[in-house]
>>> print(open('start30.cif').read())   # mmCIF, C-alpha atoms
data_protein
#
loop_
_atom_site.group_PDB
_atom_site.id
_atom_site.type_symbol
_atom_site.label_atom_id
_atom_site.label_comp_id
_atom_site.auth_asym_id
_atom_site.auth_seq_id
_atom_site.Cartn_x
_atom_site.Cartn_y
_atom_site.Cartn_z
ATOM 1 C CA MET A 1391 8.910 -1.951 -32.870
ATOM 2 C CA THR A 1392 9.440 0.210 -29.801
ATOM 3 C CA SER A 1393 9.118 -1.781 -26.603
ATOM 4 C CA VAL A 1394 6.775 -0.438 -23.955
ATOM 5 C CA ALA A 1395 7.728 -0.515 -20.285
ATOM 6 C CA ARG A 1396 5.112 -1.754 -17.824
ATOM 7 C CA PRO A 1397 4.735 -1.001 -14.136
ATOM 8 C CA SER A 1398 6.530 -3.632 -12.096
ATOM 9 C CA THR A 1399 3.216 -4.656 -10.542
ATOM 10 C CA ASP A 1400 1.425 -4.975 -13.876
ATOM 11 C CA ARG A 1401 -0.419 -8.163 -12.894
ATOM 12 C CA ALA A 1402 -1.555 -6.848 -9.552
ATOM 13 C CA ALA A 1403 -4.957 -5.399 -8.680
ATOM 14 C CA PRO A 1404 -5.613 -2.023 -10.398
ATOM 15 C CA GLY A 1405 -4.848 0.022 -7.269
ATOM 16 C CA GLU A 1406 -1.602 -1.863 -6.684
ATOM 17 C CA MET A 1407 -0.416 -1.104 -10.210
ATOM 18 C CA ILE A 1408 0.250 2.430 -8.974
ATOM 19 C CA PRO A 1409 3.758 2.509 -7.449
ATOM 20 C CA ARG A 1410 3.569 2.604 -3.659
ATOM 21 C CA VAL A 1411 5.978 5.550 -3.518
ATOM 22 C CA LEU A 1412 3.461 7.636 -5.488
ATOM 23 C CA ARG A 1413 0.490 6.501 -3.426
ATOM 24 C CA VAL A 1414 2.333 7.593 -0.306
ATOM 25 C CA ARG A 1415 3.776 10.783 -1.770
ATOM 26 C CA TRP A 1416 0.431 12.004 -3.121
ATOM 27 C CA ARG A 1417 -1.666 10.367 -0.345
ATOM 28 C CA LEU A 1418 -3.831 8.487 -2.830
ATOM 29 C CA SER A 1419 -6.563 5.957 -2.091
ATOM 30 C CA ASP A 1420 -9.592 4.244 -3.659
ATOM 31 C CA ALA A 1421 -7.997 3.743 -7.080
ATOM 32 C CA THR A 1422 -10.370 2.731 -9.887
ATOM 33 C CA TYR A 1423 -8.732 1.731 -13.148
ATOM 34 C CA LEU A 1424 -10.386 3.485 -16.124
ATOM 35 C CA GLY A 1425 -8.334 1.921 -18.933
ATOM 36 C CA GLY A 1426 -6.274 3.436 -21.732
ATOM 37 C CA SER A 1427 -4.371 2.602 -24.896
ATOM 38 C CA ARG A 1428 -1.155 4.608 -25.119
ATOM 39 C CA SER A 1429 -1.354 5.404 -21.415
ATOM 40 C CA ARG A 1430 -3.318 4.238 -18.378
ATOM 41 C CA THR A 1431 -5.740 6.233 -16.272
ATOM 42 C CA TRP A 1432 -7.112 5.815 -12.759
ATOM 43 C CA ARG A 1433 -9.742 7.638 -10.723
ATOM 44 C CA VAL A 1434 -8.187 8.192 -7.315
ATOM 45 C CA ARG A 1435 -8.927 10.082 -4.102
ATOM 46 C CA ARG A 1436 -7.026 12.170 -1.616
ATOM 47 C CA GLY A 1437 -9.386 12.375 1.311
ATOM 48 C CA SER A 1438 -12.718 13.422 -0.205
ATOM 49 C CA THR A 1439 -11.194 15.013 -3.330
ATOM 50 C CA VAL A 1440 -11.199 13.093 -6.617
ATOM 51 C CA PHE A 1441 -8.291 13.189 -9.094
ATOM 52 C CA ALA A 1442 -7.323 11.557 -12.381
ATOM 53 C CA LEU A 1443 -3.966 9.756 -12.364
ATOM 54 C CA LYS A 1444 -2.316 9.101 -15.734
ATOM 55 C CA TRP A 1445 0.726 6.987 -16.567
ATOM 56 C CA LEU A 1446 2.602 7.328 -19.873
ATOM 57 C CA PRO A 1447 4.992 4.383 -20.452
ATOM 58 C CA ALA A 1448 8.668 5.129 -20.970
ATOM 59 C CA GLY A 1449 8.610 3.308 -24.328
ATOM 60 C CA VAL A 1450 5.907 5.523 -25.847
ATOM 61 C CA ARG A 1451 7.402 8.161 -28.130
ATOM 62 C CA ALA A 1452 5.450 11.188 -27.004
ATOM 63 C CA ASP A 1453 6.539 14.535 -25.616
ATOM 64 C CA TRP A 1454 4.274 14.870 -22.577
ATOM 65 C CA ARG A 1455 5.553 18.416 -21.987
ATOM 66 C CA TYR A 1456 3.996 19.356 -25.340
ATOM 67 C CA GLU A 1457 0.634 18.270 -23.942
ATOM 68 C CA SER A 1458 1.193 20.460 -20.900
ATOM 69 C CA ARG A 1459 1.940 23.520 -23.041
ATOM 70 C CA VAL A 1460 -1.147 22.960 -25.168
ATOM 71 C CA MET A 1461 -3.443 22.454 -22.182
ATOM 72 C CA ALA A 1462 -2.056 25.538 -20.439
ATOM 73 C CA GLY A 1463 -2.554 27.639 -23.569
ATOM 74 C CA LEU A 1464 -6.134 26.467 -23.980
ATOM 75 C CA ARG A 1465 -6.949 27.153 -20.343
ATOM 76 C CA SER A 1466 -5.639 30.700 -20.814
ATOM 77 C CA ALA A 1467 -8.087 31.008 -23.724
ATOM 78 C CA GLY A 1468 -10.962 29.913 -21.490
ATOM 79 C CA TRP A 1469 -11.214 26.229 -22.437
ATOM 80 C CA PRO A 1470 -11.706 23.611 -19.665
ATOM 81 C CA ALA A 1471 -8.530 21.615 -20.329
ATOM 82 C CA PRO A 1472 -7.054 19.360 -17.615
ATOM 83 C CA VAL A 1473 -5.113 20.984 -14.761
ATOM 84 C CA LEU A 1474 -2.126 19.357 -13.069
ATOM 85 C CA ALA A 1475 -2.613 18.950 -9.315
ATOM 86 C CA GLU A 1476 1.038 18.006 -8.662
ATOM 87 C CA GLU A 1477 4.351 18.247 -10.469
ATOM 88 C CA PRO A 1478 4.764 15.222 -12.790
ATOM 89 C CA VAL A 1479 7.004 12.420 -11.563
ATOM 90 C CA VAL A 1480 9.417 10.957 -14.132
ATOM 91 C CA ARG A 1481 10.560 7.416 -13.269
ATOM 92 C CA GLY A 1482 12.230 4.552 -15.072
ATOM 93 C CA ASP A 1483 8.838 3.110 -16.014
ATOM 94 C CA GLY A 1484 7.495 6.366 -17.456
ATOM 95 C CA VAL A 1485 5.786 9.605 -16.442
ATOM 96 C CA TRP A 1486 3.092 9.829 -13.762
ATOM 97 C CA ARG A 1487 0.767 12.838 -13.693
ATOM 98 C CA LEU A 1488 -2.002 13.760 -11.270
ATOM 99 C CA PHE A 1489 -4.819 15.949 -12.626
ATOM 100 C CA ALA A 1490 -7.756 17.666 -11.005
ATOM 101 C CA TRP A 1491 -10.958 15.751 -11.780
ATOM 102 C CA LEU A 1492 -13.048 17.517 -14.415
ATOM 103 C CA PRO A 1493 -16.811 17.523 -13.773
ATOM 104 C CA GLY A 1494 -19.577 16.511 -16.153
ATOM 105 C CA GLU A 1495 -20.580 13.679 -18.448
ATOM 106 C CA PRO A 1496 -20.355 13.077 -22.224
ATOM 107 C CA ALA A 1497 -23.239 14.487 -24.241
ATOM 108 C CA PRO A 1498 -26.182 12.085 -24.504
ATOM 109 C CA VAL A 1499 -27.375 10.900 -27.897
ATOM 110 C CA GLU A 1500 -31.078 10.772 -27.024
ATOM 111 C CA GLY A 1501 -31.660 13.524 -29.575
ATOM 112 C CA GLY A 1502 -29.960 11.359 -32.170
ATOM 113 C CA SER A 1503 -26.338 10.856 -33.141
ATOM 114 C CA ASP A 1504 -26.786 13.430 -35.918
ATOM 115 C CA THR A 1505 -27.532 16.156 -33.370
ATOM 116 C CA GLU A 1506 -24.564 15.152 -31.216
ATOM 117 C CA GLY A 1507 -22.274 15.009 -34.250
ATOM 118 C CA SER A 1508 -23.339 18.433 -35.529
ATOM 119 C CA ASN A 1509 -22.822 19.999 -32.116
ATOM 120 C CA ARG A 1510 -19.418 18.351 -31.809
ATOM 121 C CA GLY A 1511 -18.431 19.580 -35.265
ATOM 122 C CA ARG A 1512 -19.306 23.161 -34.351
ATOM 123 C CA LEU A 1513 -17.386 22.816 -31.098
ATOM 124 C CA LEU A 1514 -14.370 21.418 -32.963
ATOM 125 C CA ALA A 1515 -14.317 24.487 -35.225
ATOM 126 C CA GLN A 1516 -14.343 26.725 -32.153
ATOM 127 C CA PHE A 1517 -11.596 24.594 -30.581
ATOM 128 C CA HIS A 1518 -9.458 25.035 -33.702
ATOM 129 C CA ALA A 1519 -9.929 28.794 -33.589
ATOM 130 C CA ALA A 1520 -8.487 28.730 -30.066
ATOM 131 C CA SER A 1521 -5.704 26.224 -30.768
ATOM 132 C CA SER A 1522 -4.599 28.098 -33.894
ATOM 133 C CA SER A 1523 -3.883 31.144 -31.740
ATOM 134 C CA LEU A 1524 -1.449 29.311 -29.448
ATOM 135 C CA GLY A 1525 1.531 30.632 -31.383
ATOM 136 C CA ALA A 1526 4.580 28.902 -32.836
ATOM 137 C CA ILE A 1527 4.302 25.717 -30.797
ATOM 138 C CA GLY A 1528 5.855 23.609 -33.578
ATOM 139 C CA ARG A 1529 5.654 19.892 -34.237
ATOM 140 C CA ARG A 1530 5.488 17.248 -31.549
ATOM 141 C CA ASP A 1531 8.121 14.533 -31.366
ATOM 142 C CA GLY A 1532 6.830 11.079 -32.267
ATOM 143 C CA PHE A 1533 3.900 12.266 -34.417
ATOM 144 C CA GLU A 1534 3.817 11.948 -38.198
ATOM 145 C CA LEU A 1535 2.049 14.138 -40.691
ATOM 146 C CA PRO A 1536 -0.431 12.266 -42.921
ATOM 147 C CA ARG A 1537 1.805 12.065 -45.981
ATOM 148 C CA GLU A 1538 4.661 10.707 -43.827
ATOM 149 C CA ALA A 1539 2.451 7.871 -42.636
ATOM 150 C CA VAL A 1540 2.021 6.589 -46.198
ATOM 151 C CA SER A 1541 5.483 7.439 -47.572
ATOM 152 C CA ASP A 1542 7.641 5.110 -45.484
ATOM 153 C CA PRO A 1543 9.510 2.664 -47.762
ATOM 154 C CA LEU A 1544 9.437 0.092 -44.945
ATOM 155 C CA LEU A 1545 5.644 0.178 -45.093
ATOM 156 C CA ASP A 1546 5.826 -0.852 -48.753
ATOM 157 C CA ARG A 1547 8.163 -3.699 -47.878
ATOM 158 C CA TRP A 1548 5.884 -5.154 -45.214
ATOM 159 C CA LEU A 1549 2.730 -4.599 -47.248
ATOM 160 C CA THR A 1550 4.333 -6.782 -49.934
ATOM 161 C CA VAL A 1551 4.945 -9.506 -47.361
ATOM 162 C CA HIS A 1552 1.366 -9.251 -46.124
ATOM 163 C CA GLU A 1553 -0.003 -9.262 -49.672
ATOM 164 C CA GLN A 1554 1.664 -12.617 -50.285
ATOM 165 C CA ARG A 1555 -0.366 -14.080 -47.388
ATOM 166 C CA LEU A 1556 -3.661 -12.278 -48.063
ATOM 167 C CA PRO A 1557 -3.665 -11.125 -51.723
ATOM 168 C CA GLU A 1558 -7.061 -9.378 -51.743
ATOM 169 C CA GLU A 1559 -6.578 -7.605 -48.416
ATOM 170 C CA GLY A 1560 -3.054 -6.673 -49.434
ATOM 171 C CA ARG A 1561 -4.376 -5.233 -52.699
ATOM 172 C CA ILE A 1562 -6.895 -3.072 -50.822
ATOM 173 C CA LEU A 1563 -4.269 -1.788 -48.402
ATOM 174 C CA ARG A 1564 -1.809 -0.995 -51.173
ATOM 175 C CA ALA A 1565 -4.439 0.747 -53.327
ATOM 176 C CA TYR A 1566 -5.491 3.051 -50.490
ATOM 177 C CA ARG A 1567 -1.909 3.750 -49.460
ATOM 178 C CA GLU A 1568 -0.952 4.720 -53.001
ATOM 179 C CA GLU A 1569 -4.085 6.829 -53.498
ATOM 180 C CA ALA A 1570 -3.569 8.650 -50.185
ATOM 181 C CA ALA A 1571 0.086 9.356 -51.015
ATOM 182 C CA ALA A 1572 -0.814 10.648 -54.489
ATOM 183 C CA ARG A 1573 -3.671 12.838 -53.235
ATOM 184 C CA LEU A 1574 -1.575 14.350 -50.460
ATOM 185 C CA ALA A 1575 1.304 14.997 -52.886
ATOM 186 C CA GLU A 1576 -1.072 16.983 -55.113
ATOM 187 C CA HIS A 1577 -1.212 19.629 -52.394
ATOM 188 C CA GLU A 1578 2.560 20.104 -52.246
ATOM 189 C CA SER A 1579 4.475 22.312 -54.668
ATOM 190 C CA ASP A 1580 7.456 24.635 -54.858
ATOM 191 C CA THR A 1581 5.071 27.587 -54.788
ATOM 192 C CA ALA A 1582 3.606 26.465 -51.461
ATOM 193 C CA PRO A 1583 6.633 25.577 -49.330
ATOM 194 C CA GLU A 1584 6.158 23.999 -45.949
ATOM 195 C CA THR A 1585 6.646 25.886 -42.727
ATOM 196 C CA GLU A 1586 9.024 24.709 -40.018
ATOM 197 C CA SER A 1587 6.092 22.823 -38.477
ATOM 198 C CA GLY A 1588 5.801 20.731 -41.643
ATOM 199 C CA VAL A 1589 2.366 22.034 -42.653
ATOM 200 C CA ARG A 1590 1.772 24.038 -45.847
ATOM 201 C CA PRO A 1591 0.971 27.684 -45.179
ATOM 202 C CA ASP A 1592 -1.950 27.734 -47.647
ATOM 203 C CA VAL A 1593 -3.835 25.068 -45.649
ATOM 204 C CA PRO A 1594 -5.230 26.214 -42.269
ATOM 205 C CA SER A 1595 -3.157 24.585 -39.553
ATOM 206 C CA GLY A 1596 -2.709 24.569 -35.813
ATOM 207 C CA VAL A 1597 -2.758 22.244 -32.852
ATOM 208 C CA ILE A 1598 -5.317 19.473 -33.303
ATOM 209 C CA HIS A 1599 -6.732 17.429 -30.440
ATOM 210 C CA GLY A 1600 -6.367 14.092 -32.198
ATOM 211 C CA ASP A 1601 -9.310 12.338 -30.516
ATOM 212 C CA PHE A 1602 -12.201 14.815 -30.469
ATOM 213 C CA THR A 1603 -14.786 12.127 -29.765
ATOM 214 C CA ARG A 1604 -18.011 12.217 -27.768
ATOM 215 C CA TRP A 1605 -16.536 10.462 -24.733
ATOM 216 C CA ASN A 1606 -13.673 12.973 -24.459
ATOM 217 C CA LEU A 1607 -16.013 15.966 -24.091
ATOM 218 C CA LEU A 1608 -17.750 16.588 -20.759
ATOM 219 C CA PHE A 1609 -20.822 18.745 -20.231
ATOM 220 C CA GLU A 1610 -22.507 20.050 -17.106
ATOM 221 C CA SER A 1611 -25.893 21.787 -17.253
ATOM 222 C CA GLY A 1612 -25.521 21.956 -21.025
ATOM 223 C CA ALA A 1613 -22.149 23.747 -20.935
ATOM 224 C CA LEU A 1614 -18.761 22.297 -21.844
ATOM 225 C CA SER A 1615 -17.020 21.440 -18.566
ATOM 226 C CA GLY A 1616 -14.011 19.406 -19.664
ATOM 227 C CA ILE A 1617 -11.923 18.209 -22.615
ATOM 228 C CA LEU A 1618 -10.058 14.970 -21.945
ATOM 229 C CA ASP A 1619 -7.151 12.993 -23.398
ATOM 230 C CA PHE A 1620 -4.675 15.268 -25.119
ATOM 231 C CA GLU A 1621 -2.313 12.343 -25.748
ATOM 232 C CA ALA A 1622 -2.580 12.734 -29.529
ATOM 233 C CA CYS A 1623 -2.507 16.540 -29.744
ATOM 234 C CA HIS A 1624 0.041 17.869 -32.219
ATOM 235 C CA HIS A 1625 0.471 20.460 -34.984
ATOM 236 C CA ASN A 1626 -1.097 19.561 -38.314
ATOM 237 C CA HIS A 1627 -3.514 20.863 -40.919
ATOM 238 C CA LEU A 1628 -6.814 21.296 -39.098
ATOM 239 C CA VAL A 1629 -8.906 18.835 -41.091
ATOM 240 C CA ALA A 1630 -6.609 16.090 -39.794
ATOM 241 C CA ASP A 1631 -8.750 16.226 -36.640
ATOM 242 C CA PHE A 1632 -11.545 14.574 -38.621
ATOM 243 C CA ALA A 1633 -9.601 11.294 -38.546
ATOM 244 C CA LEU A 1634 -11.285 10.167 -35.331
ATOM 245 C CA SER A 1635 -14.118 12.701 -35.104
ATOM 246 C CA TRP A 1636 -15.556 11.938 -38.554
ATOM 247 C CA ARG A 1637 -14.376 8.280 -38.612
ATOM 248 C CA GLY A 1638 -15.123 7.927 -42.290
ATOM 249 C CA ASP A 1639 -18.902 8.311 -42.194
ATOM 250 C CA HIS A 1640 -20.004 10.634 -39.353
ATOM 251 C CA ASP A 1641 -20.893 13.329 -41.850
ATOM 252 C CA ASP A 1642 -22.728 15.583 -39.402
ATOM 253 C CA VAL A 1643 -19.434 16.328 -37.650
ATOM 254 C CA ILE A 1644 -18.127 17.885 -40.872
ATOM 255 C CA ARG A 1645 -21.430 19.625 -41.606
ATOM 256 C CA GLY A 1646 -21.430 21.191 -38.139
ATOM 257 C CA TYR A 1647 -17.796 22.220 -38.507
ATOM 258 C CA ASP A 1648 -18.335 23.739 -41.960
ATOM 259 C CA SER A 1649 -21.240 25.812 -40.613
ATOM 260 C CA VAL A 1650 -18.825 27.608 -38.251
ATOM 261 C CA ARG A 1651 -15.622 27.626 -40.312
ATOM 262 C CA PRO A 1652 -16.340 26.900 -43.998
ATOM 263 C CA LEU A 1653 -13.811 24.498 -45.431
ATOM 264 C CA SER A 1654 -11.810 25.559 -48.448
ATOM 265 C CA GLU A 1655 -11.874 23.515 -51.651
ATOM 266 C CA THR A 1656 -8.414 22.179 -50.796
ATOM 267 C CA GLU A 1657 -9.532 21.123 -47.327
ATOM 268 C CA TRP A 1658 -12.559 19.263 -48.669
ATOM 269 C CA HIS A 1659 -10.260 17.246 -50.900
ATOM 270 C CA LEU A 1660 -7.813 16.607 -48.061
ATOM 271 C CA VAL A 1661 -10.372 14.936 -45.783
ATOM 272 C CA ARG A 1662 -10.429 11.524 -47.444
ATOM 273 C CA PRO A 1663 -6.688 11.027 -48.082
ATOM 274 C CA THR A 1664 -5.838 12.332 -44.623
ATOM 275 C CA TYR A 1665 -8.263 9.858 -43.046
ATOM 276 C CA TRP A 1666 -6.862 7.011 -45.144
ATOM 277 C CA ALA A 1667 -3.307 7.984 -44.196
ATOM 278 C CA TRP A 1668 -4.150 7.974 -40.472
ATOM 279 C CA LEU A 1669 -5.369 4.390 -40.802
ATOM 280 C CA PHE A 1670 -1.814 3.388 -41.742
ATOM 281 C CA LEU A 1671 -0.309 4.799 -38.549
ATOM 282 C CA GLY A 1672 1.433 1.908 -36.805
ATOM 283 C CA VAL A 1673 0.762 -0.576 -39.621
ATOM 284 C CA GLU A 1674 4.438 -0.923 -40.528
ATOM 285 C CA GLU A 1675 5.247 -1.716 -36.874
ATOM 286 C CA ILE A 1676 2.377 -4.228 -36.630
ATOM 287 C CA LEU A 1677 3.479 -6.072 -39.776
ATOM 288 C CA ALA A 1678 7.188 -5.976 -38.926
ATOM 289 C CA GLU A 1679 6.598 -7.314 -35.419
ATOM 290 C CA HIS A 1680 4.254 -10.054 -36.654
ATOM 291 C CA TYR A 1681 6.209 -11.357 -39.629
ATOM 292 C CA SER A 1682 9.628 -11.055 -37.967
ATOM 293 C CA ARG A 1683 8.851 -13.326 -35.040
ATOM 294 C CA PRO A 1684 9.254 -17.108 -35.320
ATOM 295 C CA GLY A 1685 6.180 -18.670 -36.902
ATOM 296 C CA GLY A 1686 4.701 -15.311 -37.843
ATOM 297 C CA ALA A 1687 4.630 -16.148 -41.533
ATOM 298 C CA ALA A 1688 2.327 -19.113 -40.872
ATOM 299 C CA HIS A 1689 -0.610 -16.860 -39.999
ATOM 300 C CA PRO A 1690 -1.429 -13.471 -41.584
ATOM 301 C CA ALA A 1691 -1.268 -10.373 -39.404
ATOM 302 C CA ASP A 1692 -4.644 -9.003 -38.310
ATOM 303 C CA LEU A 1693 -5.416 -5.736 -40.108
ATOM 304 C CA ASP A 1694 -9.174 -6.273 -40.260
ATOM 305 C CA TRP A 1695 -9.907 -3.035 -38.349
ATOM 306 C CA GLN A 1696 -7.861 -0.925 -40.758
ATOM 307 C CA VAL A 1697 -9.439 -2.526 -43.833
ATOM 308 C CA ARG A 1698 -13.005 -2.143 -42.545
ATOM 309 C CA HIS A 1699 -12.434 1.558 -41.904
ATOM 310 C CA LEU A 1700 -10.736 2.122 -45.268
ATOM 311 C CA LEU A 1701 -13.773 0.653 -47.007
ATOM 312 C CA LYS A 1702 -16.187 3.050 -45.313
ATOM 313 C CA ASP A 1703 -17.754 5.606 -47.591
ATOM 314 C CA SER A 1704 -19.437 8.931 -46.948
ATOM 315 C CA ASP A 1705 -22.549 10.356 -48.576
ATOM 316 C CA LEU A 1706 -21.269 13.858 -47.895
ATOM 317 C CA LEU A 1707 -17.850 13.297 -49.473
ATOM 318 C CA ARG A 1708 -19.396 11.515 -52.478
ATOM 319 C CA ALA A 1709 -21.671 14.496 -53.064
ATOM 320 C CA ARG A 1710 -19.032 17.140 -52.373
ATOM 321 C CA CYS A 1711 -15.890 15.586 -53.897
ATOM 322 C CA GLY A 1712 -17.175 12.795 -56.121
ATOM 323 C CA PRO A 1713 -16.960 9.016 -55.716
ATOM 324 C CA LYS A 1714 -13.847 7.190 -54.686
ATOM 325 C CA PRO A 1715 -11.416 6.620 -57.573
ATOM 326 C CA VAL A 1716 -11.826 3.477 -59.640
ATOM 327 C CA GLY A 1717 -9.736 0.710 -58.112
ATOM 328 C CA LEU A 1718 -10.639 1.425 -54.497
ATOM 329 C CA ALA A 1719 -13.013 -1.236 -53.191
#
>>> encode(input="start30.cif", output="structure tokens")
Amino acid sequence: MTSVARPSTDRAAPGEMIPRVLRVRWRLSDATYLGGSRSRTWRVRRGSTVFALKWLPAGVRADWRYESRVMAGLRSAGWPAPVLAEEPVVRGDGVWRLFAWLPGEPAPVEGGSDTEGSNRGRLLAQFHAASSSLGAIGRRDGFELPREAVSDPLLDRWLTVHEQRLPEEGRILRAYREEAAARLAEHESDTAPETESGVRPDVPSGVIHGDFTRWNLLFESGALSGILDFEACHHNHLVADFALSWRGDHDDVIRGYDSVRPLSETEWHLVRPTYWAWLFLGVEEILAEHYSRPGGAAHPADLDWQVRHLLKDSDLLRARCGPKPVGLA
């Protein structure tokens, strides 16, 4: 498992986690830690002006320059993507970037989550129309395509180990992995060769956001004012963006999307296996790290989140593509 570097002041107060050399260089103050998973984000000030400061650890396999190219291309197309306020600083602990603060708040759900989901689905279709016109941007280092996530022989090895500890959970994981791999393989053939980006030319593809969720979309006076967190953007078939937007049962996101850009028959049948495949991202690393350390075999690894999401079902997908295959819980 790839080790992740931490700032040298990791246990300090949130503001002190920012290297002093950067606070001085960029004249930053009033740091408020906002959290993060792959990276960390702070709300900071320079005088009366607010900025967003992001840190990407050195151990995270992600091409941050790819993000910059995508955001620049989207801004040129009129989308409110983040804007760098300073040149990024690359240090031993990772990359530090200072962005202008984007105004607005996430859309409320007072009108119901269905309304928010439908609106977000329509917006995602419009986003894909823009991202698909960015040109030959290619694949992003460190990001797998769905079929790659379920085709790793090491994943099979560690699933076997996990299945010995938790037979029923292991059976569920293996059944979904095998079904996802088989479904995704159905859409590959010699008559539909892959492009250099790794995505079949007969399936609409382009740069996906990777986390097109409510909290990453800002609105001001009813208009989109900001799109946040491009950490997972990469080139893929477009319905791969449903992995976190649809989340297995937010059907109105897909309905809204389909009302703007109707999905092809192939795309409808790619939604489920692509979502299942995404849920295996990082699983091999989790299992390897857990069962390789001393005493790890005494307690099963925790994959409860992945299993709960695999077991989700969708009224829309049942009606449109039929029930899940026999053998999937």
>>> closest_atom_pairs(input="start30.cif", of="segment 1501-1548 of chain A", to="segment 1463-1474 of chain A", cutoff="7 Å", atoms="all atoms listed in the file", output="Markdown table")
| residue | atom | partner | partner_atom | distance |
| --- | --- | --- | --- | --- |
| A:Ala1520 | CA | A:Ala1467 | CA | 6.8 |
| A:Ser1521 | CA | A:Leu1464 | CA | 6.8 |
| A:Leu1524 | CA | A:Gly1463 | CA | 6.2 |
>>> atom_distance(input="start30.cif", atom1="atom CA of Ala1515 of chain A", atom2="atom CA of Gly1646 of chain A")
8.4 Å
>>> atom_distance(input="start30.cif", atom1="atom CA of Gly1528 of chain A", atom2="atom CA of Arg1651 of chain A")
22.9 Å
>>> resolve_selection(input="start30.cif", expression="the PyMOL selection byres ((chain A and resi 1573) around 12)", output="ChimeraX atom specification")
/A:1536-1537,1540,1566-1572,1574-1578,1656-1667,1714-1715
>>> write_last_selection(input="start30.cif", atoms="C-alpha atoms", output="short mmCIF file (atom, residue, chain, number, x, y, z; two decimals), keeping the file's coordinate frame")
data_model
loop_
_atom_site.label_atom_id
_atom_site.label_comp_id
_atom_site.auth_asym_id
_atom_site.auth_seq_id
_atom_site.Cartn_x
_atom_site.Cartn_y
_atom_site.Cartn_z
CA PRO A 1536 -0.43 12.27 -42.92
CA ARG A 1537 1.80 12.06 -45.98
CA VAL A 1540 2.02 6.59 -46.20
CA TYR A 1566 -5.49 3.05 -50.49
CA ARG A 1567 -1.91 3.75 -49.46
CA GLU A 1568 -0.95 4.72 -53.00
CA GLU A 1569 -4.08 6.83 -53.50
CA ALA A 1570 -3.57 8.65 -50.18
CA ALA A 1571 0.09 9.36 -51.02
CA ALA A 1572 -0.81 10.65 -54.49
CA LEU A 1574 -1.58 14.35 -50.46
CA ALA A 1575 1.30 15.00 -52.89
CA GLU A 1576 -1.07 16.98 -55.11
CA HIS A 1577 -1.21 19.63 -52.39
CA GLU A 1578 2.56 20.10 -52.25
CA THR A 1656 -8.41 22.18 -50.80
CA GLU A 1657 -9.53 21.12 -47.33
CA TRP A 1658 -12.56 19.26 -48.67
CA HIS A 1659 -10.26 17.25 -50.90
CA LEU A 1660 -7.81 16.61 -48.06
CA VAL A 1661 -10.37 14.94 -45.78
CA ARG A 1662 -10.43 11.52 -47.44
CA PRO A 1663 -6.69 11.03 -48.08
CA THR A 1664 -5.84 12.33 -44.62
CA TYR A 1665 -8.26 9.86 -43.05
CA TRP A 1666 -6.86 7.01 -45.14
CA ALA A 1667 -3.31 7.98 -44.20
CA LYS A 1714 -13.85 7.19 -54.69
CA PRO A 1715 -11.42 6.62 -57.57
#
>>> residues_around(input="start30.cif", residues="segment 1442-1444 of chain A", least_positions_apart="5", cutoff="8 Å", atoms="only C-alpha atoms", output="compact mmCIF listing (two decimals) with C-alpha atoms, keeping the file's coordinate frame")
# COMPACT_ATOMS: atom_id res chain seq x y z
CA SER A 1429 -1.35 5.40 -21.42
CA ARG A 1430 -3.32 4.24 -18.38
CA THR A 1431 -5.74 6.23 -16.27
CA TRP A 1432 -7.11 5.82 -12.76
CA ARG A 1433 -9.74 7.64 -10.72
CA VAL A 1434 -8.19 8.19 -7.32
CA TRP A 1486 3.09 9.83 -13.76
CA ARG A 1487 0.77 12.84 -13.69
CA LEU A 1488 -2.00 13.76 -11.27
CA PHE A 1489 -4.82 15.95 -12.63
CA ALA A 1490 -7.76 17.67 -11.00
CA TRP A 1491 -10.96 15.75 -11.78
>>> residues_around(input="start30.cif", residues="segment 1611-1622 of chain A", least_positions_apart="5", cutoff="7 Å", atoms="all atoms listed in the file", output="number ranges by chain")
A: 1457, 1470-1472, 1492-1494, 1599-1601, 1606
>>> closest_atom_pairs(input="start30.cif", of="segment 1497-1553 of chain A", to="segment 1668-1692 of chain A", cutoff="7 Å", atoms="all atoms listed in the file", output="JSON lines")
{"residue": "A:Pro1536", "atom": "CA", "partner": "A:Trp1668", "partner_atom": "CA", "distance": 6.2}
{"residue": "A:Ala1539", "atom": "CA", "partner": "A:Leu1671", "partner_atom": "CA", "distance": 5.8}
{"residue": "A:Val1540", "atom": "CA", "partner": "A:Phe1670", "partner_atom": "CA", "distance": 6.7}
{"residue": "A:Leu1544", "atom": "CA", "partner": "A:Glu1674", "partner_atom": "CA", "distance": 6.7}
{"residue": "A:Leu1545", "atom": "CA", "partner": "A:Glu1674", "partner_atom": "CA", "distance": 4.8}
{"residue": "A:Trp1548", "atom": "CA", "partner": "A:Leu1677", "partner_atom": "CA", "distance": 6.0}
{"residue": "A:His1552", "atom": "CA", "partner": "A:Pro1690", "partner_atom": "CA", "distance": 6.8}
>>> axis_aligned_box(input="start30.cif", around="segment 1492-1500 of chain A", padding_each_side="5 Å", output="AutoDock Vina command-line options")
--center_x -22.1 --center_y 14.1 --center_z -20.8 --size_x 28.0 --size_y 16.8 --size_z 24.1
